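Undergrad: Take this structure first; my questions come after.
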Amino acid sequence: MVSLVEPQGLARDAIASRAAAVRERITAAALRAGRDPSLVRVMAVTKTFPVAAVEAAMAAGMDLFGENRVQEAQEKFTGLAGRYELHLVGHLQRNKARPAAQLFRCVQSIDKVETAEALSRQSVSLGKAMDVLLEVNTSGEDSKSGFRSRDELLRGLEAIAGLAGLRVRGLMTVGPLTGDQDRVRKAFSTLAALFREISASRPDAAFDVLSMGMSGDFEIAVEEGSTMVRLGTALLGERKAQA
Ligand SMILES: *Cc1c(COP(=O)(O)O)cnc(C)c1O
């Protein structure tokens with residue numbers, strides 16, 4: 001234990017200073033758009049990072065975490081002490097619905113009615129209310145998951161909103177991977193408009209989460225209305241393996 005104090009302290013300080021820098025950039029972006037900066041939550045995406053990095057991030061004050069694989073999340077977070085919220089941000093296979101229902105507070109990557117149905121059954125059997133976001137493919141890239149059109153999304157929403165054990169809280173997207181900032185902004189503004197439209201049509205539901213923005217594009221996302229940015233490298237440094 002003793003030998004770990006120094007490196008962990010350093011990691012914690014590094015993460016804390018990155019978190020403060022990120023916060024400042026979010027605040028500036030929100031203010032540029034006339035938004036309240038306090039309405040933007042920051043998630044630490046810890047995929048591929050060891051549990052020591054999670055603990056260091058917690059020590060630095062982070063309390064919202066994202067993982068993209070059920071099994072990796074299980075290995076890292078099961079039994080991890082502390083007060084935090086854990087979300088799944090990667091694709092969910094139907095045969096992982098049970099451990100997902102046990103482990104996560106929110107599944108952000110619902111892109112099929114069938115997946116939502118499987119998660120619904122498991123959440124009901126655990127007596128749990130699971131938050132979900134519907135993932136939208138805003139990039140047009142075939143490799144990305146998510147509902148692909150407004151119609152597909154609205155039909156999916158209608159089917160999923162009625163499922164027991166689930167609460168549809170909003171939308172999520174991974175923006176286009178490109179240096180073309182106009183394309184990125186267009187993707188985010190299109191999704192934000194859809195989000196507002198759905199939100200207005202569901203006045204009784206808490207449809208209030210718009211999860212968009214990663215390390216390379218979170219300021220654009222905040223300017224366009226994001227309420228949750230998902231940050232890996234900007235908070236924790238470069239990932240060794242690609243997930
Ligand atoms: C990896 C990942 C992130 C974070 O990526 P960075 O570019 O490191 O900030 C966010 N969202 C999802 C869905 C991811 O898979």
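Chain labels A, B, ... are given in the sequence in which chains occur in the structure tokens; within each chain residues are numbered consecutively from 1, and ligands are likewise numbered from 1 in the order shown.
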Can you pull out every residue within 7 Å of stretch 131-145 of chain A, counting only C-alpha atoms, but drop anything in the same chain fewer than 2 positions away, and send it as a list in words?

TA: Arg105, Cys106, Val107, Gln108, Ser109, Ile110, Asp111, Ala129, Phe147, Arg148, Leu166, Arg167, Val168, Arg169, Gly170, Leu171, Met172, Thr173, Gly175, Pro176 and Ala187 of chain A

Undergrad: Residues within 6 Å of ligand 1, counting only C-alpha atoms and all ligand atoms: report them as a list in words.

TA: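 With only C-alpha atoms and all ligand atoms and a cut-off of 6 Å, ligand 1 is contacted by Val45, Asn68, Val89, Gly90, Met214, Ser215, Gly216, Arg230, Leu231, Gly232, Thr233 and Ala234 of chain A.
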
Undergrad: Would you mind exporting the chosen residues as a PDB file, in the first residue's frame, restricted to N, CA, C and O atoms?

TA:
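As written to disk, result.pdb reads:
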```pdb
ATOM      1  N   VAL A  45     -14.709   8.535 -19.054  1.00  0.00           N
ATOM      2  CA  VAL A  45     -14.799   7.260 -19.760  1.00  0.00           C
ATOM      3  C   VAL A  45     -13.499   6.489 -19.504  1.00  0.00           C
ATOM      4  O   VAL A  45     -12.438   6.875 -19.977  1.00  0.00           O
ATOM      5  N   ASN A  68     -17.320   0.906 -22.008  1.00  0.00           N
ATOM      6  CA  ASN A  68     -17.991   0.492 -23.240  1.00  0.00           C
ATOM      7  C   ASN A  68     -18.144  -1.018 -23.385  1.00  0.00           C
ATOM      8  O   ASN A  68     -18.694  -1.473 -24.381  1.00  0.00           O
ATOM      9  N   VAL A  89     -21.614   2.951 -22.270  1.00  0.00           N
ATOM     10  CA  VAL A  89     -21.646   3.819 -23.455  1.00  0.00           C
ATOM     11  C   VAL A  89     -21.345   3.057 -24.740  1.00  0.00           C
ATOM     12  O   VAL A  89     -21.432   3.614 -25.829  1.00  0.00           O
ATOM     13  N   GLY A  90     -20.974   1.776 -24.610  1.00  0.00           N
ATOM     14  CA  GLY A  90     -20.697   0.954 -25.793  1.00  0.00           C
ATOM     15  C   GLY A  90     -21.857   0.025 -26.099  1.00  0.00           C
ATOM     16  O   GLY A  90     -22.792  -0.116 -25.310  1.00  0.00           O
ATOM     17  N   MET A 214     -17.052  14.339 -27.047  1.00  0.00           N
ATOM     18  CA  MET A 214     -15.940  13.551 -26.538  1.00  0.00           C
ATOM     19  C   MET A 214     -14.713  14.462 -26.494  1.00  0.00           C
ATOM     20  O   MET A 214     -14.824  15.661 -26.723  1.00  0.00           O
ATOM     21  N   SER A 215     -13.546  13.887 -26.201  1.00  0.00           N
ATOM     22  CA  SER A 215     -12.373  14.755 -25.986  1.00  0.00           C
ATOM     23  C   SER A 215     -12.103  15.701 -27.151  1.00  0.00           C
ATOM     24  O   SER A 215     -11.695  16.839 -26.942  1.00  0.00           O
ATOM     25  N   GLY A 216     -12.340  15.228 -28.389  1.00  0.00           N
ATOM     26  CA  GLY A 216     -11.984  16.043 -29.540  1.00  0.00           C
ATOM     27  C   GLY A 216     -13.039  17.045 -29.964  1.00  0.00           C
ATOM     28  O   GLY A 216     -12.761  17.912 -30.819  1.00  0.00           O
ATOM     29  N   ARG A 230     -18.678  13.057 -22.626  1.00  0.00           N
ATOM     30  CA  ARG A 230     -18.050  11.790 -22.236  1.00  0.00           C
ATOM     31  C   ARG A 230     -16.566  11.863 -22.575  1.00  0.00           C
ATOM     32  O   ARG A 230     -16.200  11.814 -23.743  1.00  0.00           O
ATOM     33  N   LEU A 231     -15.727  11.990 -21.561  1.00  0.00           N
ATOM     34  CA  LEU A 231     -14.323  12.274 -21.809  1.00  0.00           C
ATOM     35  C   LEU A 231     -13.411  11.166 -21.320  1.00  0.00           C
ATOM     36  O   LEU A 231     -13.460  10.772 -20.156  1.00  0.00           O
ATOM     37  N   GLY A 232     -12.583  10.673 -22.233  1.00  0.00           N
ATOM     38  CA  GLY A 232     -11.549   9.710 -21.877  1.00  0.00           C
ATOM     39  C   GLY A 232     -10.207  10.408 -21.834  1.00  0.00           C
ATOM     40  O   GLY A 232      -9.730  10.836 -20.789  1.00  0.00           O
ATOM     41  N   THR A 233      -9.609  10.559 -23.006  1.00  0.00           N
ATOM     42  CA  THR A 233      -8.234  11.082 -23.068  1.00  0.00           C
ATOM     43  C   THR A 233      -8.084  12.483 -22.473  1.00  0.00           C
ATOM     44  O   THR A 233      -7.061  12.778 -21.869  1.00  0.00           O
ATOM     45  N   ALA A 234      -9.072  13.329 -22.613  1.00  0.00           N
ATOM     46  CA  ALA A 234      -8.942  14.696 -22.092  1.00  0.00           C
ATOM     47  C   ALA A 234      -8.784  14.699 -20.572  1.00  0.00           C
ATOM     48  O   ALA A 234      -8.213  15.626 -20.003  1.00  0.00           O
TER      49      ALA A 234
END
```

Undergrad: List the neighbours of A:Ala193 out to 12 Å using only C-alpha atoms; skip same-chain residues closer than 4 positions along the sequence, and give me the result as a PyMOL selection string.

TA: chain A and resi 150+171+186-189+197-200+210+224-226

Undergrad: Name the residues of stretch 174-224 of chain A that fall into alpha helix (DSSP H) according to DSSP on the backbone, using the chain letters and numbers of this document, as a PyMOL selection string.

TA: chain A and resi 181-201+218-223

Undergrad: Export N, CA and C atoms of the chosen residues as a PDB file, in the first residue's frame?

TA:
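The file below, part.pdb, is the result:
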```pdb
ATOM      1  N   GLN A 181     -14.992  20.727 -38.704  1.00  0.00           N
ATOM      2  CA  GLN A 181     -15.783  21.208 -37.563  1.00  0.00           C
ATOM      3  C   GLN A 181     -17.221  21.527 -37.952  1.00  0.00           C
ATOM      4  N   ASP A 182     -17.416  21.940 -39.204  1.00  0.00           N
ATOM      5  CA  ASP A 182     -18.786  22.253 -39.631  1.00  0.00           C
ATOM      6  C   ASP A 182     -19.649  21.000 -39.660  1.00  0.00           C
ATOM      7  N   ARG A 183     -19.035  19.904 -40.105  1.00  0.00           N
ATOM      8  CA  ARG A 183     -19.780  18.640 -40.131  1.00  0.00           C
ATOM      9  C   ARG A 183     -20.119  18.170 -38.724  1.00  0.00           C
ATOM     10  N   VAL A 184     -19.148  18.322 -37.824  1.00  0.00           N
ATOM     11  CA  VAL A 184     -19.374  17.923 -36.435  1.00  0.00           C
ATOM     12  C   VAL A 184     -20.508  18.767 -35.838  1.00  0.00           C
ATOM     13  N   ARG A 185     -20.430  20.080 -36.070  1.00  0.00           N
ATOM     14  CA  ARG A 185     -21.441  20.976 -35.513  1.00  0.00           C
ATOM     15  C   ARG A 185     -22.822  20.653 -36.072  1.00  0.00           C
ATOM     16  N   LYS A 186     -22.870  20.356 -37.366  1.00  0.00           N
ATOM     17  CA  LYS A 186     -24.149  20.039 -38.004  1.00  0.00           C
ATOM     18  C   LYS A 186     -24.759  18.781 -37.386  1.00  0.00           C
ATOM     19  N   ALA A 187     -23.913  17.776 -37.148  1.00  0.00           N
ATOM     20  CA  ALA A 187     -24.404  16.538 -36.532  1.00  0.00           C
ATOM     21  C   ALA A 187     -24.984  16.831 -35.144  1.00  0.00           C
ATOM     22  N   PHE A 188     -24.272  17.619 -34.363  1.00  0.00           N
ATOM     23  CA  PHE A 188     -24.731  17.902 -33.001  1.00  0.00           C
ATOM     24  C   PHE A 188     -25.976  18.789 -33.005  1.00  0.00           C
ATOM     25  N   SER A 189     -26.020  19.763 -33.897  1.00  0.00           N
ATOM     26  CA  SER A 189     -27.188  20.656 -33.884  1.00  0.00           C
ATOM     27  C   SER A 189     -28.431  19.921 -34.372  1.00  0.00           C
ATOM     28  N   THR A 190     -28.245  18.992 -35.317  1.00  0.00           N
ATOM     29  CA  THR A 190     -29.385  18.187 -35.778  1.00  0.00           C
ATOM     30  C   THR A 190     -29.939  17.339 -34.640  1.00  0.00           C
ATOM     31  N   LEU A 191     -29.033  16.717 -33.895  1.00  0.00           N
ATOM     32  CA  LEU A 191     -29.491  15.878 -32.791  1.00  0.00           C
ATOM     33  C   LEU A 191     -30.142  16.726 -31.701  1.00  0.00           C
ATOM     34  N   ALA A 192     -29.577  17.890 -31.437  1.00  0.00           N
ATOM     35  CA  ALA A 192     -30.146  18.765 -30.401  1.00  0.00           C
ATOM     36  C   ALA A 192     -31.563  19.198 -30.768  1.00  0.00           C
ATOM     37  N   ALA A 193     -31.785  19.449 -32.062  1.00  0.00           N
ATOM     38  CA  ALA A 193     -33.133  19.844 -32.498  1.00  0.00           C
ATOM     39  C   ALA A 193     -34.120  18.694 -32.293  1.00  0.00           C
ATOM     40  N   LEU A 194     -33.685  17.468 -32.632  1.00  0.00           N
ATOM     41  CA  LEU A 194     -34.528  16.281 -32.402  1.00  0.00           C
ATOM     42  C   LEU A 194     -34.824  16.104 -30.907  1.00  0.00           C
ATOM     43  N   PHE A 195     -33.789  16.311 -30.113  1.00  0.00           N
ATOM     44  CA  PHE A 195     -33.928  16.177 -28.659  1.00  0.00           C
ATOM     45  C   PHE A 195     -34.974  17.158 -28.124  1.00  0.00           C
ATOM     46  N   ARG A 196     -34.903  18.393 -28.590  1.00  0.00           N
ATOM     47  CA  ARG A 196     -35.879  19.393 -28.123  1.00  0.00           C
ATOM     48  C   ARG A 196     -37.284  19.046 -28.596  1.00  0.00           C
ATOM     49  N   GLU A 197     -37.376  18.556 -29.822  1.00  0.00           N
ATOM     50  CA  GLU A 197     -38.683  18.180 -30.363  1.00  0.00           C
ATOM     51  C   GLU A 197     -39.309  17.063 -29.521  1.00  0.00           C
ATOM     52  N   ILE A 198     -38.525  16.032 -29.228  1.00  0.00           N
ATOM     53  CA  ILE A 198     -39.052  14.901 -28.456  1.00  0.00           C
ATOM     54  C   ILE A 198     -39.371  15.339 -27.034  1.00  0.00           C
ATOM     55  N   SER A 199     -38.476  16.124 -26.477  1.00  0.00           N
ATOM     56  CA  SER A 199     -38.661  16.605 -25.118  1.00  0.00           C
ATOM     57  C   SER A 199     -39.978  17.372 -24.988  1.00  0.00           C
ATOM     58  N   ALA A 200     -40.259  18.212 -25.978  1.00  0.00           N
ATOM     59  CA  ALA A 200     -41.491  19.015 -25.947  1.00  0.00           C
ATOM     60  C   ALA A 200     -42.730  18.139 -26.120  1.00  0.00           C
ATOM     61  N   SER A 201     -42.554  16.999 -26.815  1.00  0.00           N
ATOM     62  CA  SER A 201     -43.711  16.132 -27.061  1.00  0.00           C
ATOM     63  C   SER A 201     -43.964  15.181 -25.889  1.00  0.00           C
ATOM     64  N   PHE A 218     -15.901  18.235 -27.589  1.00  0.00           N
ATOM     65  CA  PHE A 218     -16.902  18.520 -26.552  1.00  0.00           C
ATOM     66  C   PHE A 218     -17.316  19.987 -26.493  1.00  0.00           C
ATOM     67  N   GLU A 219     -16.411  20.897 -26.913  1.00  0.00           N
ATOM     68  CA  GLU A 219     -16.817  22.309 -26.845  1.00  0.00           C
ATOM     69  C   GLU A 219     -17.916  22.622 -27.864  1.00  0.00           C
ATOM     70  N   ILE A 220     -17.782  22.035 -29.062  1.00  0.00           N
ATOM     71  CA  ILE A 220     -18.839  22.204 -30.073  1.00  0.00           C
ATOM     72  C   ILE A 220     -20.143  21.612 -29.545  1.00  0.00           C
ATOM     73  N   ALA A 221     -20.033  20.435 -28.931  1.00  0.00           N
ATOM     74  CA  ALA A 221     -21.233  19.770 -28.407  1.00  0.00           C
ATOM     75  C   ALA A 221     -21.928  20.630 -27.353  1.00  0.00           C
ATOM     76  N   VAL A 222     -21.135  21.240 -26.476  1.00  0.00           N
ATOM     77  CA  VAL A 222     -21.722  22.087 -25.428  1.00  0.00           C
ATOM     78  C   VAL A 222     -22.371  23.320 -26.054  1.00  0.00           C
ATOM     79  N   GLU A 223     -21.704  23.901 -27.025  1.00  0.00           N
ATOM     80  CA  GLU A 223     -22.312  25.060 -27.707  1.00  0.00           C
ATOM     81  C   GLU A 223     -23.652  24.693 -28.331  1.00  0.00           C
TER      82      GLU A 223
END
```
